[in-house]
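*Asks:* protein-v7.txt is the file, holding compact mmCIF, C-alpha atoms (C1' of nucleotides):
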```
# COMPACT_ATOMS: atom_id res chain seq x y z
CA MET A 29 12.13 73.71 -22.22
CA GLU A 30 13.90 70.42 -22.26
CA GLU A 31 16.69 70.94 -19.80
CA ILE A 32 18.49 67.99 -18.29
CA PRO A 33 18.33 67.88 -14.47
CA GLU A 34 21.39 69.49 -12.93
CA ARG A 35 21.79 66.55 -10.56
CA LEU A 36 22.75 64.57 -13.63
CA THR A 37 24.84 66.99 -15.64
CA VAL A 38 27.03 67.79 -12.66
CA ARG A 39 28.11 64.23 -11.98
CA PRO A 40 31.10 62.64 -13.72
CA SER A 41 29.32 59.29 -13.87
CA TRP A 42 26.61 60.90 -16.00
CA LEU A 43 29.07 62.74 -18.23
CA ILE A 44 31.11 59.62 -18.82
CA THR A 45 28.22 57.29 -19.53
CA GLN A 46 26.48 59.80 -21.79
CA LEU A 47 29.60 60.62 -23.75
CA ALA A 48 30.12 56.88 -24.02
CA VAL A 49 26.71 56.61 -25.66
CA HIS A 50 27.81 58.98 -28.38
CA ALA A 51 31.19 57.26 -28.67
CA ARG A 52 29.51 53.89 -29.12
CA LYS A 53 27.21 55.29 -31.75
CA LEU A 54 30.04 56.87 -33.72
CA VAL A 55 32.10 53.68 -33.50
CA PHE A 56 29.14 51.51 -34.38
CA ASP A 57 28.22 53.61 -37.42
CA GLY A 58 31.84 53.72 -38.56
CA PHE A 59 32.40 50.00 -38.17
CA THR A 60 29.11 49.25 -39.90
CA THR A 61 30.50 50.84 -43.07
CA VAL A 62 33.20 48.14 -43.12
CA GLY A 63 30.90 45.32 -42.01
CA ALA A 64 32.21 44.90 -38.51
CA ARG A 65 31.55 45.72 -34.87
CA GLY A 66 33.44 46.49 -31.71
CA TYR A 67 34.38 42.99 -30.62
CA HIS A 68 35.90 42.28 -34.03
CA TYR A 69 38.28 45.18 -33.78
CA ARG A 70 39.48 44.23 -30.33
CA ILE A 71 40.26 40.71 -31.41
CA LEU A 72 42.01 41.68 -34.64
CA ALA A 73 44.06 44.24 -32.72
CA ALA A 74 45.12 41.72 -30.09
CA LEU A 75 46.14 39.20 -32.73
CA HIS A 76 48.12 41.79 -34.63
CA GLU A 77 49.98 43.12 -31.61
CA HIS A 78 50.60 39.93 -29.69
CA GLY A 79 50.43 37.23 -32.35
CA PRO A 80 48.24 34.10 -32.50
CA ALA A 81 46.40 33.22 -29.32
CA SER A 82 43.83 30.91 -27.85
CA GLN A 83 40.28 32.14 -27.45
CA ALA A 84 40.56 32.32 -23.68
CA GLU A 85 43.68 34.41 -24.03
CA LEU A 86 41.93 36.74 -26.47
CA GLY A 87 39.09 37.14 -24.04
CA ARG A 88 41.43 38.19 -21.25
CA ARG A 89 43.35 40.61 -23.41
CA CYS A 90 40.30 42.22 -24.96
CA ARG A 91 38.08 42.26 -21.90
CA ILE A 92 35.57 40.03 -23.62
CA ASP A 93 33.81 37.09 -22.01
CA ARG A 94 34.91 33.64 -23.23
CA SER A 95 31.47 32.87 -24.52
CA ASP A 96 31.32 36.06 -26.55
CA VAL A 97 34.72 35.39 -28.08
CA VAL A 98 33.26 32.24 -29.61
CA ALA A 99 30.65 34.15 -31.57
CA ALA A 100 33.01 36.93 -32.63
CA VAL A 101 35.64 34.48 -33.85
CA ASN A 102 32.97 32.56 -35.73
CA GLU A 103 32.06 35.73 -37.58
CA LEU A 104 35.68 36.65 -38.26
CA VAL A 105 36.34 33.16 -39.62
CA ALA A 106 33.29 33.43 -41.87
CA GLN A 107 34.65 36.72 -43.22
CA GLY A 108 38.09 35.22 -43.72
CA PHE A 109 39.84 37.62 -41.34
CA VAL A 110 41.16 34.94 -38.97
CA ASP A 111 41.87 31.21 -39.03
CA ARG A 112 40.89 28.88 -36.20
CA THR A 113 42.92 25.69 -35.92
CA PRO A 114 43.18 23.18 -33.09
CA ASP A 115 46.32 23.69 -31.03
CA PRO A 116 48.42 20.54 -31.60
CA ASP A 117 49.94 20.68 -28.11
CA HIS A 118 46.70 21.21 -26.21
CA GLY A 119 43.84 19.07 -27.40
CA ARG A 120 41.00 21.31 -26.42
CA ARG A 121 42.61 24.65 -27.11
CA ASN A 122 42.27 26.53 -30.40
CA LYS A 123 44.84 28.70 -32.06
CA VAL A 124 43.41 31.81 -33.69
CA THR A 125 45.57 33.41 -36.39
CA LEU A 126 45.26 36.66 -38.27
CA THR A 127 45.03 36.39 -42.06
CA ASP A 128 46.27 38.93 -44.61
CA ALA A 129 42.71 39.97 -45.25
CA GLY A 130 42.36 40.41 -41.50
CA VAL A 131 45.32 42.78 -41.43
CA ARG A 132 43.75 44.85 -44.20
CA GLN A 133 40.45 44.93 -42.35
CA LEU A 134 42.27 46.06 -39.22
CA ARG A 135 43.83 48.96 -41.12
CA ARG A 136 40.44 50.00 -42.45
CA MET A 137 39.04 49.96 -38.94
CA ASP A 138 41.99 51.97 -37.66
CA LYS A 139 41.19 54.71 -40.13
CA VAL A 140 37.56 54.68 -39.14
CA LEU A 141 38.52 55.00 -35.49
CA ASP A 142 40.81 57.93 -36.10
CA ARG A 143 37.96 59.85 -37.64
CA VAL A 144 35.72 58.91 -34.75
CA GLN A 145 38.12 60.41 -32.20
CA ASP A 146 37.94 63.66 -34.08
CA ASP A 147 34.17 63.73 -34.18
CA LEU A 148 33.91 62.72 -30.57
CA LEU A 149 36.26 65.38 -29.18
CA GLU A 150 35.64 67.98 -31.84
CA PRO A 151 35.31 71.00 -29.52
CA LEU A 152 38.52 70.22 -27.60
CA SER A 153 41.97 71.52 -28.47
CA ALA A 154 44.87 69.14 -28.99
CA GLU A 155 46.16 69.96 -25.55
CA GLU A 156 42.79 69.39 -23.93
CA ARG A 157 42.46 66.06 -25.67
CA GLN A 158 45.80 65.06 -24.28
CA THR A 159 44.81 66.09 -20.78
CA LEU A 160 41.53 64.24 -21.07
CA THR A 161 43.30 61.11 -22.27
CA ARG A 162 45.73 61.26 -19.38
CA LEU A 163 43.02 61.68 -16.76
CA LEU A 164 40.85 58.93 -18.22
CA THR A 165 43.78 56.55 -18.41
CA HIS A 166 44.62 57.32 -14.81
CA ALA A 167 41.07 56.75 -13.60
CA LEU A 168 40.63 53.61 -15.65
CA ALA A 169 43.84 52.05 -14.33
CA ALA A 170 42.34 51.94 -10.85
CA HIS A 171 39.55 49.66 -12.07
CA GLU A 172 41.67 47.21 -14.00
CA PRO A 173 42.36 43.78 -12.54
CA ARG A 174 45.99 43.72 -11.38
CA MET B 175 50.66 38.39 -20.02
CA GLU B 176 47.23 39.79 -20.49
CA GLU B 177 47.99 43.18 -21.90
CA ILE B 178 45.35 45.17 -23.69
CA PRO B 179 46.29 46.11 -27.28
CA GLU B 180 47.80 49.59 -27.41
CA ARG B 181 45.58 50.50 -30.34
CA LEU B 182 42.75 50.41 -27.85
CA THR B 183 44.24 51.95 -24.74
CA VAL B 184 45.49 54.96 -26.67
CA ARG B 185 42.13 55.99 -28.03
CA PRO B 186 39.75 58.25 -26.11
CA SER B 187 36.76 56.32 -27.44
CA TRP B 188 38.10 53.20 -25.73
CA LEU B 189 38.92 54.99 -22.49
CA ILE B 190 35.52 56.61 -22.32
CA THR B 191 33.49 53.50 -23.12
CA GLN B 192 35.51 51.32 -20.76
CA LEU B 193 35.36 53.79 -17.89
CA ALA B 194 31.65 54.01 -18.61
CA VAL B 195 31.41 50.25 -18.09
CA HIS B 196 32.80 50.63 -14.59
CA ALA B 197 30.65 53.68 -13.95
CA ARG B 198 27.54 51.78 -14.98
CA LYS B 199 28.47 48.89 -12.77
CA LEU B 200 29.06 51.07 -9.73
CA VAL B 201 25.81 52.94 -10.32
CA PHE B 202 23.91 49.73 -10.94
CA ASP B 203 25.22 48.08 -7.78
CA GLY B 204 24.53 51.19 -5.74
CA PHE B 205 21.00 51.64 -7.04
CA THR B 206 20.28 47.97 -6.55
CA THR B 207 20.75 48.43 -2.81
CA VAL B 208 17.79 50.83 -2.85
CA GLY B 209 15.71 48.81 -5.31
CA ALA B 210 16.09 51.08 -8.30
CA ARG B 211 17.95 51.56 -11.57
CA GLY B 212 19.27 54.34 -13.76
CA TYR B 213 16.09 55.38 -15.53
CA HIS B 214 14.28 55.78 -12.22
CA TYR B 215 16.80 58.28 -10.95
CA ARG B 216 16.65 60.39 -14.07
CA ILE B 217 12.88 60.61 -13.90
CA LEU B 218 12.71 61.38 -10.19
CA ALA B 219 15.39 64.04 -10.65
CA ALA B 220 13.54 65.70 -13.52
CA LEU B 221 10.28 65.74 -11.57
CA HIS B 222 11.98 67.23 -8.53
CA GLU B 223 13.80 69.95 -10.42
CA HIS B 224 11.18 70.97 -12.96
CA GLY B 225 7.92 69.86 -11.37
CA PRO B 226 5.19 67.55 -12.72
CA ALA B 227 5.46 66.68 -16.38
CA SER B 228 4.00 64.53 -19.12
CA GLN B 229 5.78 61.33 -20.08
CA ALA B 230 6.90 62.73 -23.40
CA GLU B 231 8.38 65.71 -21.61
CA LEU B 232 10.20 63.46 -19.16
CA GLY B 233 11.63 61.49 -22.02
CA ARG B 234 13.03 64.60 -23.65
CA ARG B 235 14.50 65.93 -20.45
CA CYS B 236 16.04 62.65 -19.36
CA ARG B 237 17.23 61.44 -22.75
CA ILE B 238 14.99 58.41 -22.50
CA ASP B 239 12.86 57.06 -25.32
CA ARG B 240 9.09 57.57 -24.93
CA SER B 241 8.49 53.85 -24.87
CA ASP B 242 11.01 53.27 -22.10
CA VAL B 243 9.49 56.03 -20.01
CA VAL B 244 6.27 54.01 -19.93
CA ALA B 245 7.94 51.04 -18.26
CA ALA B 246 9.96 53.12 -15.83
CA VAL B 247 6.94 55.15 -14.74
CA ASN B 248 4.98 51.93 -14.29
CA GLU B 249 7.64 50.71 -11.90
CA LEU B 250 7.82 54.01 -10.06
CA VAL B 251 4.04 54.03 -9.67
CA ALA B 252 4.12 50.48 -8.32
CA GLN B 253 6.70 51.55 -5.76
CA GLY B 254 4.66 54.61 -4.81
CA PHE B 255 7.33 57.11 -5.83
CA VAL B 256 5.24 58.91 -8.43
CA ASP B 257 1.57 59.36 -9.30
CA ARG B 258 0.24 59.15 -12.84
CA THR B 259 -3.00 61.01 -13.50
CA PRO B 260 -4.68 61.97 -16.76
CA ASP B 261 -4.07 65.59 -17.67
CA PRO B 262 -7.51 67.25 -17.51
CA ASP B 263 -6.66 69.74 -20.28
CA HIS B 264 -5.21 67.24 -22.73
CA GLY B 265 -7.18 64.05 -23.01
CA ARG B 266 -4.37 61.75 -24.01
CA ARG B 267 -1.60 63.26 -21.96
CA ASN B 268 -0.64 62.06 -18.48
CA LYS B 269 0.63 64.14 -15.63
CA VAL B 270 3.36 62.46 -13.60
CA THR B 271 3.87 63.81 -10.09
CA LEU B 272 6.50 63.15 -7.47
CA THR B 273 5.26 61.79 -4.14
CA ASP B 274 6.82 62.37 -0.73
CA ALA B 275 8.16 58.83 -0.76
CA GLY B 276 9.62 59.62 -4.17
CA VAL B 277 11.48 62.60 -2.74
CA ARG B 278 12.92 60.41 -0.01
CA GLN B 279 13.97 57.80 -2.57
CA LEU B 280 15.63 60.52 -4.63
CA ARG B 281 17.67 61.62 -1.60
CA ARG B 282 18.76 58.04 -0.97
CA MET B 283 19.87 57.75 -4.58
CA ASP B 284 21.72 61.04 -4.37
CA LYS B 285 23.79 59.71 -1.50
CA VAL B 286 24.51 56.53 -3.40
CA LEU B 287 25.67 58.53 -6.39
CA ASP B 288 27.99 60.70 -4.36
CA ARG B 289 29.79 57.63 -3.13
CA VAL B 290 29.98 56.30 -6.68
CA GLN B 291 31.77 59.41 -7.93
CA ASP B 292 34.40 58.87 -5.29
CA ASP B 293 34.95 55.24 -6.18
CA LEU B 294 34.99 55.99 -9.88
CA LEU B 295 37.58 58.77 -9.73
CA GLU B 296 39.44 57.55 -6.69
CA PRO B 297 42.99 58.07 -8.04
CA LEU B 298 42.32 61.65 -9.16
CA SER B 299 42.87 64.77 -7.06
CA ALA B 300 40.06 67.24 -6.52
CA GLU B 301 41.59 69.53 -9.10
CA GLU B 302 41.93 66.75 -11.65
CA ARG B 303 38.33 65.76 -11.12
CA GLN B 304 37.29 69.32 -11.80
CA THR B 305 39.33 69.44 -14.99
CA LEU B 306 37.92 66.12 -16.13
CA THR B 307 34.38 67.30 -15.46
CA ARG B 308 34.98 70.47 -17.43
CA LEU B 309 36.43 68.67 -20.44
CA LEU B 310 33.71 66.02 -20.48
CA THR B 311 30.99 68.66 -20.22
CA HIS B 312 32.56 70.55 -23.08
CA ALA B 313 32.82 67.48 -25.29
CA LEU B 314 29.32 66.30 -24.45
CA ALA B 315 27.79 69.67 -25.28
CA ALA B 316 28.79 69.25 -28.90
CA HIS B 317 26.66 66.13 -29.18
CA GLU B 318 23.54 67.45 -27.57
CA PRO B 319 20.54 68.34 -29.72
CA ARG B 320 20.25 72.12 -29.83
C1' DG C 172 49.52 5.42 -12.00
C1' DC C 173 45.63 7.80 -10.37
C1' DT C 174 42.93 11.45 -8.51
C1' DC C 175 41.71 16.04 -8.26
C1' DC C 176 41.86 20.57 -9.92
C1' DA C 177 42.28 24.24 -13.35
C1' DA C 178 41.65 25.69 -17.82
C1' DT C 179 39.21 25.57 -22.33
C1' DG C 180 35.50 25.79 -25.78
C1' DT C 181 30.73 25.95 -26.26
C1' DT C 182 25.73 26.53 -25.63
C1' DG C 183 22.12 29.09 -23.79
C1' DG C 184 20.28 32.48 -21.15
C1' DC C 185 19.71 37.23 -18.90
C1' DA C 186 19.71 42.42 -18.02
C1' DG C 187 20.46 47.40 -18.98
C1' DG C 188 20.46 50.96 -21.98
C1' DA C 189 19.29 52.82 -26.34
C1' DC C 190 16.37 52.80 -30.23
C1' DC C 191 12.60 52.09 -33.89
C1' DA C 192 8.09 51.02 -36.09
C1' DA C 193 3.37 50.98 -35.69
C1' DC C 194 -1.07 51.95 -33.80
C1' DA C 195 -4.89 54.59 -31.60
C1' DC C 196 -6.17 58.68 -29.99
C1' DT C 197 -6.28 63.85 -29.23
C1' DA C 198 -5.44 68.70 -29.97
C1' DT C 199 -4.63 72.21 -32.94
C1' DC C 200 -3.75 74.79 -37.13
C1' DC C 201 -5.28 76.03 -41.59
C1' DG D 210 -13.73 69.75 -41.64
C1' DG D 211 -9.39 67.84 -42.76
C1' DA D 212 -4.57 67.56 -42.43
C1' DT D 213 -0.91 67.57 -39.12
C1' DA D 214 1.69 67.15 -34.96
C1' DG D 215 1.96 65.33 -30.42
C1' DT D 216 0.99 61.51 -26.97
C1' DG D 217 0.82 56.93 -24.75
C1' DT D 218 1.52 52.21 -25.55
C1' DT D 219 2.95 47.67 -27.32
C1' DG D 220 6.38 44.95 -29.05
C1' DG D 221 10.51 44.14 -31.08
C1' DT D 222 15.83 44.80 -32.14
C1' DC D 223 20.79 45.50 -31.14
C1' DC D 224 25.22 45.76 -28.61
C1' DT D 225 27.68 44.98 -24.60
C1' DG D 226 28.61 42.60 -20.60
C1' DC D 227 27.75 38.69 -17.62
C1' DC D 228 26.79 34.06 -15.60
C1' DA D 229 25.77 29.03 -15.21
C1' DA D 230 26.49 24.64 -16.94
C1' DC D 231 28.65 21.03 -19.45
C1' DA D 232 32.18 18.04 -21.64
C1' DT D 233 36.81 17.68 -22.39
C1' DT D 234 41.62 18.07 -21.59
C1' DG D 235 46.20 19.15 -19.31
C1' DG D 236 48.79 19.24 -15.43
C1' DA D 237 49.90 19.14 -10.34
C1' DG D 238 50.20 16.43 -6.28
C1' DC D 239 49.97 12.20 -4.01
```
Let's see the structure in the file written out as structure tokens.
*Replies:*
Amino acid sequence: MEEIPERLTVRPSWLITQLAVHARKLVFDGFTTVGARGYHYRILAALHEHGPASQAELGRRCRIDRSDVVAAVNELVAQGFVDRTPDPDHGRRNKVTLTDAGVRQLRRMDKVLDRVQDDLLEPLSAEERQTLTRLLTHALAAHEPR
Amino acid sequence: MEEIPERLTVRPSWLITQLAVHARKLVFDGFTTVGARGYHYRILAALHEHGPASQAELGRRCRIDRSDVVAAVNELVAQGFVDRTPDPDHGRRNKVTLTDAGVRQLRRMDKVLDRVQDDLLEPLSAEERQTLTRLLTHALAAHEPR
DNA sequence: GCTCCAATGTTGGCAGGACCAACACTATCC
DNA sequence: GGATAGTGTTGGTCCTGCCAACATTGGAGC
């Protein structure tokens, strides 16, 4: 009745992009419950794991365009999750720092994400999830800038 | 130097959405060379595999919103790849039909897509690609409307 | 020192894909 | 006949990812 064309369902590019649609939706819905969105998590995570950084650096680490980092940092500042201060050594550069509230927000988002993984891969066994993760990591590595 | 936070790289939702970014880009670039985009392929494929259909039907089969089908069909009509005629039995309904030129366009897009799969999964062996396809299909099935 | 280049922050814009609300119209079921 | 479900269409939103342009600043090379 409403079958998807086989040409589509057979191709990895379709499977990946369609599963990504569901992943995005789950992540979006989850993050909405804590008043955040994807870019926010990436930035908080980078600050937590690698310490304070300039906006350009954050963009490179998080795979976010410079111009989009501006907006995301603005929002995070407004929510009190990061501080933005001019870098004393480099006149134009900013230093973005994680606040305590930011750390707590990051932990909330971590929990949300853990649940999302479960919903997303629900029908797969633990072993299958591991295999999938390995294969995806492998494939993705080939497309990363060296 | 520009390492991605581990919190991200470890999670399937990140791997899937990021690989999807590259998949989209490869598909987009490929389809651009034949003057088309994603929605066009889905619609041509559905028409070829299941025969003429109404727009609402196409939307359901291709996972495209009704309103977006309108625009895509407009473009396909303008390019001469499909015909849109009023359904004689149902006053409001349209019947969308694939033209010969549409079939040729579909074949061109098929070739493009085959190359894309290869670029996308380049580092994986044939067996790994098969495993990946199986796991993705399995996971995706759980999120499809029954 | 001075010039040229690279990097930075910022604004503003665009496109694709997905989605939603509302409206007018039609067919069909009770 | 009247309520209801389906259809085509317009118009708008959102997230993500990008790009161009600009002013400003640091640093490298001469």
*Asks:* Env of DG220 of chain D: 12 Å cut, atoms = only C-alpha atoms (C1' of nucleotides), seq-sep filter 6 positions within chain, self excluded. Answer as number ranges by chain.
*Replies:* B: 241-242; C: 191-194
*Asks:* If you measure from atom CA of Glu172 of chain A to atom CA of Leu189 of chain B, what distance in Å do you get, rounded to one decimal?
*Replies:* 11.8 Å
*Asks:* Hey, list the chain A side of the contact with chain D: 12 Å cut-off, only C-alpha atoms (C1' of nucleotides), answer as a list in words.
*Replies:*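 Here they are: Val49, Arg52, Lys53, Val55, Phe56, Arg65, Gly66, Tyr67, Arg91, Ile92, Asp93, Arg94, Ser95, Asp96, Asp115, Asp117, His118, Gly119, Arg120 and Arg121 of chain A.
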*Asks:* Rotate and translate chain B onto chain A via least squares on all in-order Cα pairs, then write the result as a short mmCIF file (atom, residue, chain, number, x, y, z; two decimals) with C-alpha atoms, in the coordinates of the input.
*Replies:*
```cif
data_model
loop_
_atom_site.label_atom_id
_atom_site.label_comp_id
_atom_site.auth_asym_id
_atom_site.auth_seq_id
_atom_site.Cartn_x
_atom_site.Cartn_y
_atom_site.Cartn_z
CA MET B 175 12.27 73.74 -22.24
CA GLU B 176 13.95 70.41 -22.32
CA GLU B 177 16.71 70.90 -19.82
CA ILE B 178 18.49 67.96 -18.30
CA PRO B 179 18.30 67.85 -14.48
CA GLU B 180 21.38 69.44 -12.93
CA ARG B 181 21.78 66.51 -10.57
CA LEU B 182 22.74 64.54 -13.64
CA THR B 183 24.83 66.96 -15.64
CA VAL B 184 27.02 67.74 -12.65
CA ARG B 185 28.10 64.19 -12.00
CA PRO B 186 31.09 62.61 -13.73
CA SER B 187 29.30 59.26 -13.87
CA TRP B 188 26.60 60.88 -16.00
CA LEU B 189 29.06 62.71 -18.23
CA ILE B 190 31.11 59.60 -18.82
CA THR B 191 28.21 57.26 -19.54
CA GLN B 192 26.48 59.77 -21.81
CA LEU B 193 29.62 60.61 -23.76
CA ALA B 194 30.15 56.87 -24.02
CA VAL B 195 26.73 56.59 -25.67
CA HIS B 196 27.83 58.97 -28.40
CA ALA B 197 31.21 57.27 -28.66
CA ARG B 198 29.54 53.90 -29.11
CA LYS B 199 27.25 55.28 -31.74
CA LEU B 200 30.06 56.86 -33.73
CA VAL B 201 32.13 53.68 -33.50
CA PHE B 202 29.16 51.51 -34.39
CA ASP B 203 28.25 53.61 -37.42
CA GLY B 204 31.85 53.72 -38.56
CA PHE B 205 32.41 49.99 -38.18
CA THR B 206 29.14 49.25 -39.90
CA THR B 207 30.51 50.83 -43.07
CA VAL B 208 33.19 48.12 -43.12
CA GLY B 209 30.90 45.30 -42.01
CA ALA B 210 32.21 44.90 -38.50
CA ARG B 211 31.55 45.74 -34.86
CA GLY B 212 33.44 46.50 -31.68
CA TYR B 213 34.39 43.00 -30.60
CA HIS B 214 35.90 42.28 -34.00
CA TYR B 215 38.28 45.19 -33.76
CA ARG B 216 39.49 44.24 -30.32
CA ILE B 217 40.26 40.71 -31.42
CA LEU B 218 42.00 41.68 -34.64
CA ALA B 219 44.05 44.24 -32.72
CA ALA B 220 45.12 41.72 -30.09
CA LEU B 221 46.13 39.19 -32.74
CA HIS B 222 48.12 41.79 -34.64
CA GLU B 223 49.97 43.11 -31.62
CA HIS B 224 50.62 39.92 -29.69
CA GLY B 225 50.43 37.22 -32.34
CA PRO B 226 48.24 34.09 -32.51
CA ALA B 227 46.40 33.22 -29.34
CA SER B 228 43.82 30.91 -27.85
CA GLN B 229 40.27 32.15 -27.43
CA ALA B 230 40.57 32.31 -23.67
CA GLU B 231 43.68 34.41 -24.04
CA LEU B 232 41.94 36.75 -26.47
CA GLY B 233 39.10 37.17 -24.04
CA ARG B 234 41.45 38.19 -21.26
CA ARG B 235 43.37 40.61 -23.41
CA CYS B 236 40.32 42.22 -24.96
CA ARG B 237 38.10 42.29 -21.89
CA ILE B 238 35.58 40.06 -23.61
CA ASP B 239 33.83 37.13 -21.99
CA ARG B 240 34.94 33.67 -23.20
CA SER B 241 31.48 32.92 -24.51
CA ASP B 242 31.32 36.11 -26.55
CA VAL B 243 34.72 35.42 -28.06
CA VAL B 244 33.25 32.26 -29.59
CA ALA B 245 30.64 34.19 -31.55
CA ALA B 246 32.99 36.95 -32.63
CA VAL B 247 35.63 34.50 -33.84
CA ASN B 248 32.95 32.58 -35.72
CA GLU B 249 32.05 35.76 -37.56
CA LEU B 250 35.67 36.65 -38.23
CA VAL B 251 36.31 33.16 -39.59
CA ALA B 252 33.27 33.45 -41.86
CA GLN B 253 34.62 36.72 -43.20
CA GLY B 254 38.07 35.22 -43.72
CA PHE B 255 39.82 37.60 -41.33
CA VAL B 256 41.13 34.94 -38.98
CA ASP B 257 41.83 31.20 -39.03
CA ARG B 258 40.87 28.88 -36.19
CA THR B 259 42.91 25.70 -35.91
CA PRO B 260 43.19 23.18 -33.08
CA ASP B 261 46.31 23.69 -31.02
CA PRO B 262 48.41 20.55 -31.60
CA ASP B 263 49.93 20.68 -28.10
CA HIS B 264 46.70 21.20 -26.19
CA GLY B 265 43.85 19.07 -27.40
CA ARG B 266 41.00 21.33 -26.41
CA ARG B 267 42.61 24.66 -27.11
CA ASN B 268 42.26 26.53 -30.40
CA LYS B 269 44.83 28.70 -32.06
CA VAL B 270 43.40 31.81 -33.69
CA THR B 271 45.55 33.41 -36.38
CA LEU B 272 45.26 36.65 -38.27
CA THR B 273 45.02 36.38 -42.06
CA ASP B 274 46.27 38.90 -44.60
CA ALA B 275 42.70 39.98 -45.26
CA GLY B 276 42.34 40.41 -41.51
CA VAL B 277 45.32 42.77 -41.45
CA ARG B 278 43.76 44.83 -44.21
CA GLN B 279 40.44 44.94 -42.35
CA LEU B 280 42.26 46.06 -39.22
CA ARG B 281 43.84 48.96 -41.13
CA ARG B 282 40.44 49.99 -42.47
CA MET B 283 39.05 49.97 -38.94
CA ASP B 284 42.00 51.97 -37.67
CA LYS B 285 41.21 54.72 -40.15
CA VAL B 286 37.57 54.68 -39.15
CA LEU B 287 38.53 55.01 -35.50
CA ASP B 288 40.82 57.94 -36.11
CA ARG B 289 37.97 59.85 -37.66
CA VAL B 290 35.73 58.92 -34.74
CA GLN B 291 38.12 60.42 -32.20
CA ASP B 292 37.95 63.68 -34.08
CA ASP B 293 34.18 63.75 -34.19
CA LEU B 294 33.90 62.73 -30.56
CA LEU B 295 36.24 65.40 -29.19
CA GLU B 296 35.63 68.00 -31.84
CA PRO B 297 35.29 71.02 -29.50
CA LEU B 298 38.50 70.24 -27.60
CA SER B 299 41.96 71.56 -28.46
CA ALA B 300 44.84 69.17 -28.98
CA GLU B 301 46.13 69.99 -25.53
CA GLU B 302 42.75 69.41 -23.92
CA ARG B 303 42.44 66.08 -25.66
CA GLN B 304 45.80 65.08 -24.26
CA THR B 305 44.79 66.09 -20.76
CA LEU B 306 41.51 64.23 -21.06
CA THR B 307 43.29 61.12 -22.28
CA ARG B 308 45.71 61.28 -19.37
CA LEU B 309 43.00 61.68 -16.75
CA LEU B 310 40.83 58.93 -18.22
CA THR B 311 43.79 56.55 -18.41
CA HIS B 312 44.62 57.31 -14.81
CA ALA B 313 41.06 56.74 -13.62
CA LEU B 314 40.64 53.58 -15.67
CA ALA B 315 43.84 52.06 -14.33
CA ALA B 316 42.34 51.93 -10.86
CA HIS B 317 39.58 49.64 -12.09
CA GLU B 318 41.69 47.21 -14.01
CA PRO B 319 42.38 43.76 -12.58
CA ARG B 320 45.99 43.66 -11.44
#
```
*Asks:* Which polymer residues have any atom within 10 Å of an atom of His224 of chain B, counting all atoms listed in the file, with same-chain residues fewer than 2 positions away left out, as a ChimeraX atom specification?
*Replies:* /A:29-33 /B:219-222,226-227,232,235
*Asks:* Would you export the selected residues with C-alpha atoms as an mmCIF file, in the frame of the given file, please?
*Replies:*
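Full text of again-v7.cif as output:
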```cif
data_model
loop_
_atom_site.group_PDB
_atom_site.id
_atom_site.type_symbol
_atom_site.label_atom_id
_atom_site.label_comp_id
_atom_site.auth_asym_id
_atom_site.auth_seq_id
_atom_site.Cartn_x
_atom_site.Cartn_y
_atom_site.Cartn_z
ATOM 1 C CA MET A 29 12.130 73.710 -22.220
ATOM 2 C CA GLU A 30 13.900 70.420 -22.260
ATOM 3 C CA GLU A 31 16.690 70.940 -19.800
ATOM 4 C CA ILE A 32 18.490 67.990 -18.290
ATOM 5 C CA PRO A 33 18.330 67.880 -14.470
ATOM 6 C CA ALA B 219 15.390 64.040 -10.650
ATOM 7 C CA ALA B 220 13.540 65.700 -13.520
ATOM 8 C CA LEU B 221 10.280 65.740 -11.570
ATOM 9 C CA HIS B 222 11.980 67.230 -8.530
ATOM 10 C CA PRO B 226 5.190 67.550 -12.720
ATOM 11 C CA ALA B 227 5.460 66.680 -16.380
ATOM 12 C CA LEU B 232 10.200 63.460 -19.160
ATOM 13 C CA ARG B 235 14.500 65.930 -20.450
#
```
*Asks:* Considering all atoms listed in the file, extract the chain C residues located within 8 Å of chain B and return them as a PDB file with C-alpha atoms (C1' of nucleotides), in the coordinates of the input.
*Replies:*
```
ATOM      1  C1'  DA C 189      19.290  52.820 -26.340  1.00  0.00           C
ATOM      2  C1'  DC C 190      16.370  52.800 -30.230  1.00  0.00           C
ATOM      3  C1'  DC C 196      -6.170  58.680 -29.990  1.00  0.00           C
ATOM      4  C1'  DT C 197      -6.280  63.850 -29.230  1.00  0.00           C
ATOM      5  C1'  DA C 198      -5.440  68.700 -29.970  1.00  0.00           C
TER       6       DA C 198
END
```
*Asks:* To one decimal place, how far is atom CA of Ile44 of chain A from atom CA of Val97 of chain A in Å?
*Replies:*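 Interatomic distance here is 26.2 Å.
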*Asks:* One number please: atom CA of Trp188 of chain B to atom CA of Pro319 of chain B, in Å, one decimal.
*Replies:*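 Interatomic distance, atom CA of Trp188 of chain B to atom CA of Pro319 of chain B: 23.5 Å.
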*Asks:* So, with only C-alpha atoms as the atoms that count, which of B:Leu306, B:Val270, B:Leu280, B:Ala210 lies closest to chain A?
*Replies:*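 With only C-alpha atoms as the atom set, the closest residue is B:Leu306.
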*Asks:* Compare A:Pro40, A:Pro116, A:Gly130, A:Gly63 by their minimum atom-to-atom distance to chain B, counting all atoms listed in the file, and give me the closest one.
*Replies:*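 That would be A:Pro40, the residue with the smallest distance to chain B.
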*Asks:* If you count all atoms listed in the file, which residues fall within 9 Å of Gln291 of chain B, apart from same-chain ones fewer than 6 positions away, as a PDB file with C-alpha atoms, keeping the file's coordinate frame?
*Replies:*
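Saved as part30.pdb:
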```pdb
ATOM      1  CA  ARG A  39      28.110  64.230 -11.980  1.00  0.00           C
ATOM      2  CA  PRO A  40      31.100  62.640 -13.720  1.00  0.00           C
ATOM      3  CA  SER A  41      29.320  59.290 -13.870  1.00  0.00           C
TER       4      SER A  41
ATOM      5  CA  ALA B 197      30.650  53.680 -13.950  1.00  0.00           C
ATOM      6  CA  LEU B 200      29.060  51.070  -9.730  1.00  0.00           C
TER       7      LEU B 200
END
```
